[in-house]
file work-v1.cif (mmCIF, C-alpha atoms)
data_run
loop_
_atom_site.label_atom_id
_atom_site.label_comp_id
_atom_site.auth_asym_id
_atom_site.auth_seq_id
_atom_site.Cartn_x
_atom_site.Cartn_y
_atom_site.Cartn_z
CA MET A 63 0.00 0.00 0.00
CA PRO A 64 1.89 3.13 -1.15
CA GLN A 65 2.20 6.04 1.19
CA GLU A 66 1.62 9.42 -0.42
CA ARG A 67 2.12 12.95 0.80
CA THR A 68 0.21 15.99 -0.41
CA GLU A 69 -1.07 19.40 0.45
CA ALA A 70 -4.86 19.72 0.75
CA ILE A 71 -7.79 21.84 1.89
CA VAL A 72 -10.29 20.35 4.35
CA LEU A 73 -13.67 20.62 2.62
CA ARG A 74 -15.85 18.62 4.97
CA GLY A 75 -15.76 16.30 7.95
CA VAL A 76 -18.33 13.92 9.38
CA ASP A 77 -18.18 11.69 12.43
CA PHE A 78 -17.67 8.04 11.56
CA SER A 79 -17.65 6.54 15.03
CA GLU A 80 -17.06 7.63 18.61
CA THR A 81 -13.44 8.43 17.86
CA SER A 82 -13.03 8.53 14.06
CA ARG A 83 -14.00 10.98 11.34
CA VAL A 84 -14.32 10.81 7.58
CA VAL A 85 -12.68 13.93 6.18
CA THR A 86 -12.98 15.08 2.57
CA PHE A 87 -10.03 17.00 1.16
CA LEU A 88 -9.38 18.90 -2.03
CA SER A 89 -5.89 17.97 -3.18
CA PRO A 90 -4.02 19.11 -6.29
CA HIS A 91 -3.18 15.64 -7.63
CA ARG A 92 -5.97 13.40 -6.31
CA GLY A 93 -8.81 15.92 -6.60
CA ARG A 94 -11.53 15.27 -4.07
CA MET A 95 -10.38 12.63 -1.65
CA ALA A 96 -12.17 11.11 1.33
CA CYS A 97 -9.96 9.74 4.10
CA LEU A 98 -10.75 7.85 7.26
CA ALA A 99 -9.05 9.58 10.17
CA ALA A 100 -9.13 6.70 12.63
CA GLY A 101 -9.03 7.83 16.25
CA ALA A 102 -8.84 11.49 15.20
CA LYS A 103 -11.24 12.60 17.94
CA ARG A 104 -9.09 11.15 20.71
CA ALA A 105 -7.28 13.92 22.58
CA LYS A 106 -4.00 12.03 22.35
CA ALA A 107 -4.18 11.80 18.54
CA GLY A 108 -3.61 15.57 18.26
CA MET A 109 -5.26 15.48 14.84
CA ALA A 110 -8.72 16.96 15.42
CA ALA A 111 -7.66 20.61 15.32
CA SER A 112 -5.85 20.13 11.99
CA LEU A 113 -8.88 18.46 10.42
CA ASP A 114 -11.19 21.43 10.90
CA THR A 115 -12.98 22.72 7.77
CA PHE A 116 -11.21 25.52 5.82
CA ASN A 117 -7.78 24.30 7.02
CA ARG A 118 -4.90 23.99 4.59
CA VAL A 119 -2.88 20.98 5.65
CA GLU A 120 -0.09 18.65 4.65
CA LEU A 121 -1.17 15.06 4.91
CA VAL A 122 0.24 11.59 4.61
CA TYR A 123 -2.19 8.86 3.52
CA TYR A 124 -2.15 5.28 2.32
CA TRP A 125 -3.51 5.02 -1.22
CA LYS A 126 -5.26 1.97 -2.55
CA ASP A 127 -7.03 2.11 -5.95
CA SER A 128 -9.78 -0.27 -4.93
CA ARG A 129 -10.88 1.87 -1.99
CA THR A 130 -13.26 4.82 -2.12
CA MET A 131 -12.00 5.98 1.24
CA GLN A 132 -8.28 6.23 1.90
CA LYS A 133 -6.55 5.81 5.23
CA LEU A 134 -5.10 8.95 6.79
CA GLY A 135 -1.68 8.59 8.38
CA GLU A 136 -0.53 12.01 9.52
CA VAL A 137 -1.72 15.57 9.18
CA ALA A 138 0.05 18.86 9.82
CA LEU A 139 -1.49 22.30 9.69
CA ILE A 140 -0.20 24.80 7.12
CA ASP A 141 -2.83 27.52 7.65
CA GLY A 142 -6.03 27.49 9.75
CA TYR A 143 -7.30 30.80 8.27
CA PRO A 144 -8.36 32.36 11.59
CA GLY A 145 -9.22 35.50 9.61
CA ILE A 146 -12.17 33.55 8.17
CA LYS A 147 -13.17 31.45 11.18
CA ASN A 148 -13.15 34.35 13.66
CA ASP A 149 -15.56 36.42 11.56
CA LEU A 150 -19.19 35.29 11.46
CA ALA A 151 -20.00 36.68 8.00
CA LYS A 152 -16.81 35.26 6.46
CA ALA A 153 -17.35 31.84 8.09
CA VAL A 154 -20.91 31.68 6.74
CA TYR A 155 -20.23 33.05 3.23
CA GLY A 156 -16.95 31.10 3.08
CA ALA A 157 -18.93 27.86 3.13
CA LEU A 158 -20.16 28.58 -0.41
CA PRO A 159 -16.75 28.23 -2.13
CA LEU A 160 -16.09 25.09 -0.04
CA GLU A 161 -19.39 23.58 -1.18
CA LEU A 162 -18.70 24.52 -4.79
CA ALA A 163 -15.22 22.98 -4.67
CA TYR A 164 -16.72 19.83 -3.12
CA LYS A 165 -19.24 19.55 -5.94
CA ILE A 166 -16.92 20.56 -8.79
CA ALA A 167 -13.93 18.35 -7.91
CA HIS A 168 -13.91 14.73 -9.00
CA GLU A 169 -12.47 11.84 -7.03
CA ASN A 170 -8.96 10.82 -8.00
CA GLU A 171 -8.75 13.39 -10.79
CA PRO A 172 -5.79 15.80 -10.74
CA SER A 173 -6.97 19.39 -10.47
CA PRO A 174 -4.02 21.70 -9.73
CA PRO A 175 -5.83 24.81 -11.14
CA LEU A 176 -8.87 24.19 -8.94
CA TYR A 177 -6.65 23.68 -5.90
CA ALA A 178 -4.59 26.81 -6.64
CA THR A 179 -7.80 28.83 -7.10
CA MET A 180 -9.12 27.56 -3.77
CA VAL A 181 -5.90 28.45 -1.90
CA THR A 182 -5.73 31.93 -3.50
CA GLY A 183 -9.37 32.49 -2.56
CA LEU A 184 -8.96 31.41 1.08
CA GLU A 185 -5.82 33.50 1.55
CA SER A 186 -7.51 36.53 0.05
CA PHE A 187 -10.76 36.03 2.03
CA ALA A 188 -8.85 35.80 5.34
CA LYS A 189 -7.55 39.37 4.75
CA TRP A 190 -10.67 40.72 3.01
CA SER A 191 -12.38 43.68 4.67
CA ALA A 192 -15.25 44.56 2.30
CA GLY A 193 -18.56 42.74 1.74
CA PRO A 194 -18.21 38.94 2.11
CA ASP A 195 -20.88 38.37 -0.58
CA VAL A 196 -18.64 40.09 -3.16
CA HIS A 197 -15.68 37.90 -2.25
CA ALA A 198 -17.75 34.70 -2.18
CA THR A 199 -19.08 35.59 -5.65
CA TRP A 200 -15.55 36.25 -6.98
CA GLN A 201 -14.22 33.02 -5.46
CA GLY A 202 -17.18 31.07 -6.81
CA LEU A 203 -16.77 32.53 -10.32
CA GLN A 204 -13.07 31.64 -10.31
CA LEU A 205 -13.76 28.08 -9.13
CA LEU A 206 -16.46 27.55 -11.77
CA SER A 207 -14.17 29.07 -14.39
CA ALA A 208 -11.30 26.73 -13.38
CA ALA A 209 -13.72 23.83 -13.91
CA GLY A 210 -14.92 25.13 -17.28
CA PHE A 211 -18.25 26.59 -16.15
CA ALA A 212 -17.55 30.31 -16.68
CA PRO A 213 -20.66 32.35 -17.60
CA ALA A 214 -20.85 33.88 -21.08
CA LEU A 215 -20.40 37.63 -20.73
CA ASP A 216 -19.29 38.84 -24.18
CA HIS A 217 -22.05 37.14 -26.15
CA CYS A 218 -25.68 36.18 -25.58
CA ALA A 219 -25.85 32.80 -23.84
CA ARG A 220 -29.05 32.01 -25.80
CA CYS A 221 -28.55 33.21 -29.40
CA GLY A 222 -24.76 33.58 -29.42
CA ARG A 223 -24.81 37.17 -30.76
CA LYS A 224 -22.11 39.50 -29.47
CA VAL A 225 -23.54 41.86 -26.83
CA ASP A 226 -21.88 44.90 -25.29
CA THR A 227 -24.64 45.73 -22.81
CA PRO A 228 -26.64 42.62 -21.94
CA THR A 229 -29.99 43.20 -20.26
CA GLY A 230 -30.65 39.78 -18.80
CA PHE A 231 -28.98 36.71 -17.32
CA ALA A 232 -29.79 33.08 -18.00
CA PHE A 233 -28.77 30.63 -15.26
CA ASP A 234 -27.93 27.97 -17.82
CA GLY A 235 -25.35 30.07 -19.69
CA GLY A 236 -24.77 33.69 -18.71
CA ALA A 237 -25.63 37.14 -20.06
CA THR A 238 -28.45 37.46 -22.60
CA CYS A 239 -29.46 40.08 -25.18
CA SER A 240 -32.73 42.00 -25.07
CA ASN A 241 -34.35 39.69 -27.67
CA CYS A 242 -33.83 36.41 -25.81
CA PRO A 243 -35.71 34.97 -22.81
CA THR A 244 -33.94 35.46 -19.52
CA ASP A 245 -34.05 34.26 -15.88
CA ARG A 246 -33.15 37.60 -14.28
CA ARG A 247 -32.76 41.21 -15.26
CA LEU A 248 -29.12 42.29 -15.42
CA THR A 249 -28.50 45.93 -14.52
CA PRO A 250 -25.51 47.85 -15.99
CA THR A 251 -24.04 47.89 -12.43
CA GLY A 252 -24.49 44.16 -12.09
CA PHE A 253 -22.93 43.49 -15.49
CA ALA A 254 -19.94 45.73 -14.73
CA ALA A 255 -19.46 43.91 -11.42
CA LEU A 256 -19.70 40.48 -13.09
CA LEU A 257 -17.12 41.52 -15.70
CA ALA A 258 -14.75 42.84 -13.02
CA LEU A 259 -15.08 39.77 -10.79
CA SER A 260 -14.76 37.27 -13.64
CA GLY A 261 -11.78 39.02 -15.19
CA SER A 262 -9.65 39.33 -12.05
CA ARG A 263 -7.87 36.00 -11.54
CA GLU A 264 -5.39 36.87 -8.80
CA PHE A 265 -7.40 39.05 -6.44
CA CYS A 266 -10.96 40.12 -5.71
CA PRO A 267 -11.60 43.70 -6.83
CA PRO A 268 -13.02 45.75 -3.92
CA LEU A 269 -16.33 46.65 -5.56
CA GLU A 270 -18.90 48.74 -3.74
CA GLN A 271 -21.75 48.61 -6.26
CA THR A 272 -22.58 45.06 -7.31
CA GLY A 273 -26.36 45.05 -7.76
CA ASP A 274 -27.76 41.63 -6.91
CA ILE A 275 -25.00 39.58 -8.48
CA PHE A 276 -24.64 37.31 -5.45
CA GLU A 277 -28.18 36.01 -6.01
CA LEU A 278 -27.53 35.86 -9.73
CA PHE A 279 -24.33 33.90 -9.20
CA CYS A 280 -26.03 31.46 -6.80
CA GLY A 281 -28.71 30.74 -9.39
CA PHE A 282 -26.06 30.23 -12.07
CA ALA A 283 -23.91 27.94 -9.88
CA ALA A 284 -26.90 25.83 -8.79
CA ARG A 285 -27.99 25.36 -12.41
CA GLN A 286 -24.49 24.60 -13.71
CA LEU A 287 -23.84 22.02 -11.00
CA ASP A 288 -27.44 20.80 -11.13
CA SER A 289 -27.54 20.90 -7.36
CA ASP A 290 -29.27 22.72 -4.54
CA LEU A 291 -26.62 24.76 -2.67
CA ARG A 292 -27.10 24.14 1.05
CA SER A 293 -24.75 26.93 2.12
CA VAL A 294 -26.85 29.47 0.18
CA ARG A 295 -29.93 28.38 2.14
CA VAL A 296 -28.11 29.14 5.41
CA ILE A 297 -26.70 32.43 4.08
CA ARG A 298 -30.26 33.48 3.23
CA GLN A 299 -31.47 32.47 6.70
CA ILE A 300 -28.80 34.52 8.47
CA TYR A 301 -28.33 37.48 6.15
CA GLY A 302 -31.58 37.49 4.21
CA GLN A 303 -29.67 37.43 0.88
CA MET B 223 -25.75 -21.42 11.52
CA LEU B 224 -27.33 -19.07 14.05
CA ILE B 225 -26.11 -16.01 12.18
CA HIS B 226 -28.37 -16.68 9.20
CA VAL B 227 -31.52 -16.83 11.31
CA PRO B 228 -33.61 -13.75 10.36
CA SER B 229 -34.47 -12.75 13.95
CA VAL B 230 -30.80 -12.94 14.98
CA GLU B 231 -29.72 -10.94 11.93
CA ARG B 232 -32.31 -8.30 12.85
CA LEU B 233 -30.89 -8.13 16.37
CA ILE B 234 -27.32 -7.79 15.04
CA GLU B 235 -28.47 -5.06 12.65
CA ALA B 236 -30.20 -3.23 15.52
CA PHE B 237 -27.00 -3.27 17.60
CA ARG B 238 -24.98 -2.09 14.57
CA ARG B 239 -27.06 1.07 14.42
CA LEU B 240 -25.69 2.18 17.78
CA PRO B 241 -22.71 4.58 17.69
CA GLY B 242 -19.31 2.93 17.98
CA ILE B 243 -20.67 -0.58 17.35
CA GLY B 244 -19.20 -2.40 14.39
CA LYS B 245 -20.24 -5.71 12.85
CA ARG B 246 -18.10 -7.88 15.13
CA THR B 247 -19.20 -6.14 18.33
CA ALA B 248 -22.84 -6.30 17.22
CA GLU B 249 -22.52 -10.06 16.66
CA ARG B 250 -20.86 -10.51 20.04
CA LEU B 251 -23.56 -8.49 21.83
CA ALA B 252 -26.35 -10.34 20.02
CA LEU B 253 -24.86 -13.73 20.90
CA HIS B 254 -24.41 -12.64 24.51
CA VAL B 255 -28.04 -11.52 24.78
CA LEU B 256 -29.20 -14.81 23.23
CA SER B 257 -27.04 -17.07 25.37
CA ALA B 258 -27.64 -15.22 28.68
CA PRO B 259 -30.75 -15.97 30.79
CA ALA B 260 -34.00 -14.74 29.18
CA GLU B 261 -34.36 -12.30 32.07
CA LEU B 262 -31.45 -10.20 30.77
CA ALA B 263 -33.07 -9.74 27.36
CA GLU B 264 -36.37 -8.81 28.97
CA THR B 265 -34.78 -6.31 31.38
CA LEU B 266 -32.81 -4.77 28.52
CA SER B 267 -35.74 -4.43 26.15
CA ASP B 268 -38.03 -3.13 28.95
CA ALA B 269 -35.43 -0.56 29.97
CA VAL B 270 -34.96 0.67 26.37
CA ARG B 271 -38.72 0.85 25.71
CA ASP B 272 -39.44 2.48 29.08
CA ALA B 273 -36.71 5.10 28.76
CA ARG B 274 -37.64 5.87 25.16
CA SER B 275 -41.30 6.42 26.04
CA ARG B 276 -40.65 8.45 29.20
CA ILE B 277 -37.78 10.65 28.05
CA THR B 278 -38.68 13.88 26.33
CA THR B 279 -36.97 17.25 25.86
CA CYS B 280 -37.34 19.94 28.52
CA ASP B 281 -39.56 22.79 27.31
CA ILE B 282 -37.17 25.32 28.83
CA CYS B 283 -33.65 24.09 28.09
CA GLY B 284 -34.13 21.37 25.48
CA ASN B 285 -32.18 18.81 27.52
CA LEU B 286 -33.34 15.20 27.72
CA THR B 287 -35.57 14.69 30.74
CA GLU B 288 -38.24 12.52 32.29
CA ALA B 289 -39.98 15.41 34.10
CA ASN B 290 -40.90 18.63 32.34
CA PRO B 291 -39.31 21.04 33.20
CA CYS B 292 -36.15 19.03 33.86
CA THR B 293 -34.66 18.66 37.33
CA ILE B 294 -32.01 21.30 36.59
CA CYS B 295 -34.50 23.91 35.35
CA ALA B 296 -36.82 23.15 38.28
CA ASP B 297 -34.05 23.40 40.88
CA GLU B 298 -34.47 26.72 42.74
CA ARG B 299 -31.00 26.44 44.26
CA ARG B 300 -29.35 26.78 40.85
CA ASP B 301 -28.42 30.15 39.40
CA HIS B 302 -31.00 30.76 36.68
CA SER B 303 -29.32 33.98 35.61
CA VAL B 304 -26.40 32.06 34.07
CA VAL B 305 -27.20 29.90 31.03
CA CYS B 306 -24.60 27.57 29.56
CA VAL B 307 -25.25 26.77 25.88
CA VAL B 308 -24.16 23.32 24.68
CA GLU B 309 -24.45 21.52 21.35
CA ARG B 310 -25.93 18.26 22.63
CA PRO B 311 -27.27 16.76 25.87
CA ALA B 312 -23.90 14.99 26.22
CA GLY B 313 -22.26 18.42 26.65
CA ALA B 314 -24.53 19.26 29.59
CA MET B 315 -23.84 15.82 31.09
CA ALA B 316 -20.08 16.37 30.80
CA ILE B 317 -20.27 19.74 32.57
CA GLU B 318 -22.58 18.32 35.25
CA LYS B 319 -20.06 15.55 35.93
CA GLY B 320 -17.52 18.27 36.78
CA GLY B 321 -19.82 19.21 39.68
CA THR B 322 -18.80 22.88 39.92
CA TYR B 323 -21.23 24.61 37.55
CA ARG B 324 -24.34 25.85 39.35
CA GLY B 325 -26.12 27.65 36.52
CA VAL B 326 -28.63 26.21 34.04
CA TYR B 327 -28.28 24.94 30.46
CA HIS B 328 -29.64 25.40 26.98
CA VAL B 329 -29.19 22.59 24.46
CA LEU B 330 -29.06 23.65 20.79
CA HIS B 331 -29.28 20.11 19.36
CA GLY B 332 -26.57 20.83 16.80
CA VAL B 333 -24.40 23.66 15.48
CA LEU B 334 -24.58 26.03 12.54
CA ASN B 335 -23.17 24.14 9.58
CA PRO B 336 -23.73 25.94 6.27
CA LEU B 337 -22.09 23.08 4.34
CA GLU B 338 -24.75 20.69 5.62
CA GLY B 339 -27.54 23.27 5.28
CA ILE B 340 -28.00 23.66 9.06
CA GLY B 341 -28.92 27.23 9.85
CA PRO B 342 -30.40 28.95 12.94
CA ALA B 343 -33.91 27.74 12.05
CA GLU B 344 -32.79 24.10 12.38
CA LEU B 345 -31.45 24.66 15.93
CA LYS B 346 -33.04 25.62 19.26
CA ILE B 347 -31.66 29.16 19.01
CA GLU B 348 -34.98 31.00 19.03
CA GLY B 349 -35.85 29.25 22.32
CA LEU B 350 -32.64 30.59 23.86
CA LEU B 351 -33.30 34.13 22.64
CA GLU B 352 -36.85 33.92 23.95
CA ARG B 353 -35.48 32.86 27.34
CA VAL B 354 -33.13 35.83 27.38
CA ARG B 355 -35.89 38.21 26.22
CA ARG B 356 -38.13 37.11 29.10
CA GLY B 357 -35.50 38.55 31.46
CA GLY B 358 -33.59 37.29 34.47
CA VAL B 359 -30.55 36.13 32.45
CA ARG B 360 -27.34 38.08 33.05
CA GLU B 361 -24.80 35.80 31.35
CA VAL B 362 -24.84 33.29 28.51
CA ILE B 363 -21.82 30.97 28.44
CA VAL B 364 -21.24 29.49 24.99
CA ALA B 365 -19.80 25.99 25.40
CA THR B 366 -20.03 24.73 21.81
CA ASN B 367 -17.14 22.60 20.55
CA THR B 368 -13.98 24.25 19.26
CA THR B 369 -14.56 23.26 15.63
CA ALA B 370 -15.11 25.77 12.80
CA GLU B 371 -18.86 25.08 13.09
CA GLY B 372 -18.83 25.45 16.89
CA GLU B 373 -16.99 28.75 16.57
CA THR B 374 -19.43 30.01 13.91
CA THR B 375 -22.31 29.15 16.25
CA ALA B 376 -20.58 30.96 19.12
CA LEU B 377 -20.10 34.08 16.96
CA TYR B 378 -23.74 33.98 15.85
CA LEU B 379 -25.03 33.57 19.42
CA SER B 380 -22.73 36.32 20.62
CA LYS B 381 -24.20 38.71 18.02
CA GLN B 382 -27.81 37.80 18.80
CA VAL B 383 -27.54 37.71 22.61
CA SER B 384 -25.38 40.85 22.89
CA ALA B 385 -28.10 42.73 21.01
CA LEU B 386 -30.37 41.93 23.98
CA ASN B 387 -27.84 43.56 26.38
CA VAL B 388 -26.82 40.32 28.07
CA ALA B 389 -23.17 39.35 28.61
CA VAL B 390 -21.90 36.50 26.38
CA THR B 391 -18.82 34.53 27.38
CA ARG B 392 -16.97 31.64 25.71
CA ILE B 393 -15.45 28.71 27.59
CA ALA B 394 -11.63 28.81 27.63
CA HIS B 395 -9.59 26.68 25.22
CA GLY B 396 -6.12 25.40 25.84
CA VAL B 397 -3.77 22.76 27.13
CA PRO B 398 -5.61 19.92 28.93
CA MET B 399 -4.80 19.21 32.59
CA GLY B 400 -1.90 16.80 32.80
CA GLY B 401 -1.07 17.36 29.13
CA GLY B 402 2.44 18.10 27.91
CA LEU B 403 3.07 21.17 25.75
CA GLU B 404 5.18 19.14 23.33
CA TYR B 405 2.18 16.94 22.50
CA THR B 406 -0.24 19.83 22.02
CA ASP B 407 -1.12 20.83 18.45
CA ASP B 408 -0.25 24.28 17.05
CA GLN B 409 -3.79 25.65 17.00
CA THR B 410 -4.53 24.67 20.60
CA LEU B 411 -1.23 26.20 21.74
CA GLN B 412 -2.01 29.39 19.85
CA ARG B 413 -5.44 29.58 21.52
CA ALA B 414 -3.91 28.83 24.92
CA LEU B 415 -1.44 31.69 24.51
CA GLU B 416 -4.14 34.08 23.31
CA GLY B 417 -6.33 33.22 26.29
CA ARG B 418 -3.55 33.42 28.91
CA THR B 419 -4.50 34.83 32.34
CA ARG B 420 -2.53 36.87 34.86
CA LEU B 421 -1.29 34.86 37.90
#
call {"tool": "encode", "arguments": {"input": "work-v1.cif", "output": "structure tokens"}}
result
Amino acid sequence: MPQERTEAIVLRGVDFSETSRVVTFLSPHRGRMACLAAGAKRAKAGMAASLDTFNRVELVYYWKDSRTMQKLGEVALIDGYPGIKNDLAKAVYGALPLELAYKIAHENEPSPPLYATMVTGLESFAKWSAGPDVHATWQGLQLLSAAGFAPALDHCARCGRKVDTPTGFAFDGGATCSNCPTDRRLTPTGFAALLALSGSREFCPPLEQTGDIFELFCGFAARQLDSDLRSVRVIRQIYGQ
Amino acid sequence: MLIHVPSVERLIEAFRRLPGIGKRTAERLALHVLSAPAELAETLSDAVRDARSRITTCDICGNLTEANPCTICADERRDHSVVCVVERPAGAMAIEKGGTYRGVYHVLHGVLNPLEGIGPAELKIEGLLERVRRGGVREVIVATNTTAEGETTALYLSKQVSALNVAVTRIAHGVPMGGGLEYTDDQTLQRALEGRTRL
């Protein structure tokens, strides 16, 4: 059974037994990877703190092709992102990119761009001081883009015609022209914000006017991934978005 | 073989549903129950059925109880102005075992977990806020676990309870009693240093 070492982000963790947890990581070379952390909840294991969601860790695991769940050997913390966890709004909105990454990434499929996008997003969010909805939208757009789900912004998602000032947005493709059916109205402010957030790969532009692009993005992400986004439900409960 | 008898398999399956019980342990427990005097099986099943039918959640604190309100909420000698918020009944039991806490409890029955779609509406948070709004509470101690979800819940409760002009405190985190610093993980040590107290 080969032992492998990688860097990873903790996406999710669920209790498996009294003392063990099943932790799902996003890793650059194995994509989404579920590992059994046997005895992780025992105080003496010293592992539980490192396996908290949002954490960036270095882990050692035992890989076996026939298994859907790998066995975790060791884990060491690289960054716990306290800047996210110690801020209620960031912790709640930050769950959206984690959920997207969980749903986008495939098991045992290398995804270095997705991993790099996730790390850049977490590092940036930990230091971010403006609206968390803007950052979550930027991070989400970058993750979807890394996975090939970027919204069409320079042409109509329905008829394919080039559009400079789209008036609507279709959740199954992106911006739409005034002649095509649409899911939501797209204001000039919203379009400008979408363009700025989609085009900036390295950092989130500190936008003040974004219209309702968070809602628009959530609708787009849910349709692209064909999945109800649980984190969005909780964000709406707490912040009424 | 006994193991392929449907009633025995059902018993094994029932034991397997309990936390921390794997297939082997479930088989061992089932065989023990079957080979022990019939009285043991009857006592066990009566106790499970009796407890399950009698135990309910306290209308005030949400803890598991046989009487409503529970013995802690009904105890006049306890300090009802201090409410300790825990994730699960097991948290209240753990603090009670310590024997030093004299306030009352509030059980949330979970923590905020946006990834799993668990928001404030899925927890007993409104009951806590209602308790605080009714008056007589001067401090809410948040004793949720020190996970990202536990911390998010603590931050949310702090925001909501502080708005009602009641003090919110968080239980301390740090090095366990009898624990060596060299075996403590980085995050715990960092928290322990941040929460240091003057001697």
call {"tool": "interface_residues", "arguments": {"input": "work-v1.cif", "of": "chain A", "to": "chain B", "cutoff": "7 Å", "atoms": "only C-alpha atoms", "output": "list in words"}}
result
Ser79, Glu80, Gly108, Ala111, Asp114, Thr115, Lys147, Leu150, Ala153, Val154, Ala157, Glu161, Arg292, Ser293, Arg295, Val296 and Gln299 of chain A
call {"tool": "write_last_selection", "arguments": {"input": "work-v1.cif", "atoms": "C-alpha atoms", "output": "PDB file, keeping the file's coordinate frame"}}
result
ATOM      1  CA  SER A  79     -17.650   6.540  15.030  1.00  0.00           C
ATOM      2  CA  GLU A  80     -17.060   7.630  18.610  1.00  0.00           C
ATOM      3  CA  GLY A 108      -3.610  15.570  18.260  1.00  0.00           C
ATOM      4  CA  ALA A 111      -7.660  20.610  15.320  1.00  0.00           C
ATOM      5  CA  ASP A 114     -11.190  21.430  10.900  1.00  0.00           C
ATOM      6  CA  THR A 115     -12.980  22.720   7.770  1.00  0.00           C
ATOM      7  CA  LYS A 147     -13.170  31.450  11.180  1.00  0.00           C
ATOM      8  CA  LEU A 150     -19.190  35.290  11.460  1.00  0.00           C
ATOM      9  CA  ALA A 153     -17.350  31.840   8.090  1.00  0.00           C
ATOM     10  CA  VAL A 154     -20.910  31.680   6.740  1.00  0.00           C
ATOM     11  CA  ALA A 157     -18.930  27.860   3.130  1.00  0.00           C
ATOM     12  CA  GLU A 161     -19.390  23.580  -1.180  1.00  0.00           C
ATOM     13  CA  ARG A 292     -27.100  24.140   1.050  1.00  0.00           C
ATOM     14  CA  SER A 293     -24.750  26.930   2.120  1.00  0.00           C
ATOM     15  CA  ARG A 295     -29.930  28.380   2.140  1.00  0.00           C
ATOM     16  CA  VAL A 296     -28.110  29.140   5.410  1.00  0.00           C
ATOM     17  CA  GLN A 299     -31.470  32.470   6.700  1.00  0.00           C
TER      18      GLN A 299
END
call {"tool": "resolve_selection", "arguments": {"input": "work-v1.cif", "expression": "the PyMOL selection byres ((chain A and resi 270) around 10)", "output": "PyMOL selection string"}}
result
chain A and resi 192-193+196+255+267-269+271-273
call {"tool": "residues_around", "arguments": {"input": "work-v1.cif", "residues": "Asp195 in chain A", "least_positions_apart": "5", "cutoff": "10 Å", "atoms": "all atoms listed in the file", "output": "ChimeraX atom specification"}}
result
/A:151-152,154-156,158,200-201,272,274-277,297,303
call {"tool": "resolve_selection", "arguments": {"input": "work-v1.cif", "expression": "the PyMOL selection byres ((chain A and resi 239-254) around 8)", "output": "list in words"}}
result
Cys218, Arg220, Cys221, Arg223, Val225, Thr227, Pro228, Thr229, Gly230, Phe231, Ala232, Phe233, Ala237, Thr238, Ala255, Leu256, Leu257, Ala258, Gln271, Thr272, Gly273, Asp274, Ile275 and Leu278 of chain A
call {"tool": "resolve_selection", "arguments": {"input": "work-v1.cif", "expression": "the PyMOL selection byres ((chain B and resi 310-317) around 12)", "output": "PDB file with C-alpha atoms, in the coordinates of the input"}}
result
ATOM      1  CA  THR B 278     -38.680  13.880  26.330  1.00  0.00           C
ATOM      2  CA  THR B 279     -36.970  17.250  25.860  1.00  0.00           C
ATOM      3  CA  CYS B 280     -37.340  19.940  28.520  1.00  0.00           C
ATOM      4  CA  CYS B 283     -33.650  24.090  28.090  1.00  0.00           C
ATOM      5  CA  GLY B 284     -34.130  21.370  25.480  1.00  0.00           C
ATOM      6  CA  ASN B 285     -32.180  18.810  27.520  1.00  0.00           C
ATOM      7  CA  LEU B 286     -33.340  15.200  27.720  1.00  0.00           C
ATOM      8  CA  THR B 287     -35.570  14.690  30.740  1.00  0.00           C
ATOM      9  CA  ILE B 294     -32.010  21.300  36.590  1.00  0.00           C
ATOM     10  CA  VAL B 305     -27.200  29.900  31.030  1.00  0.00           C
ATOM     11  CA  CYS B 306     -24.600  27.570  29.560  1.00  0.00           C
ATOM     12  CA  VAL B 307     -25.250  26.770  25.880  1.00  0.00           C
ATOM     13  CA  VAL B 308     -24.160  23.320  24.680  1.00  0.00           C
ATOM     14  CA  GLU B 309     -24.450  21.520  21.350  1.00  0.00           C
ATOM     15  CA  GLU B 318     -22.580  18.320  35.250  1.00  0.00           C
ATOM     16  CA  LYS B 319     -20.060  15.550  35.930  1.00  0.00           C
ATOM     17  CA  GLY B 320     -17.520  18.270  36.780  1.00  0.00           C
ATOM     18  CA  GLY B 321     -19.820  19.210  39.680  1.00  0.00           C
ATOM     19  CA  THR B 322     -18.800  22.880  39.920  1.00  0.00           C
ATOM     20  CA  TYR B 323     -21.230  24.610  37.550  1.00  0.00           C
ATOM     21  CA  ARG B 324     -24.340  25.850  39.350  1.00  0.00           C
ATOM     22  CA  GLY B 325     -26.120  27.650  36.520  1.00  0.00           C
ATOM     23  CA  VAL B 326     -28.630  26.210  34.040  1.00  0.00           C
ATOM     24  CA  TYR B 327     -28.280  24.940  30.460  1.00  0.00           C
ATOM     25  CA  HIS B 328     -29.640  25.400  26.980  1.00  0.00           C
ATOM     26  CA  VAL B 329     -29.190  22.590  24.460  1.00  0.00           C
ATOM     27  CA  LEU B 330     -29.060  23.650  20.790  1.00  0.00           C
ATOM     28  CA  HIS B 331     -29.280  20.110  19.360  1.00  0.00           C
ATOM     29  CA  GLY B 332     -26.570  20.830  16.800  1.00  0.00           C
ATOM     30  CA  VAL B 333     -24.400  23.660  15.480  1.00  0.00           C
ATOM     31  CA  LEU B 345     -31.450  24.660  15.930  1.00  0.00           C
ATOM     32  CA  LYS B 346     -33.040  25.620  19.260  1.00  0.00           C
ATOM     33  CA  VAL B 364     -21.240  29.490  24.990  1.00  0.00           C
ATOM     34  CA  ALA B 365     -19.800  25.990  25.400  1.00  0.00           C
ATOM     35  CA  THR B 366     -20.030  24.730  21.810  1.00  0.00           C
ATOM     36  CA  ASN B 367     -17.140  22.600  20.550  1.00  0.00           C
ATOM     37  CA  GLY B 372     -18.830  25.450  16.890  1.00  0.00           C
ATOM     38  CA  ILE B 393     -15.450  28.710  27.590  1.00  0.00           C
TER      39      ILE B 393
END
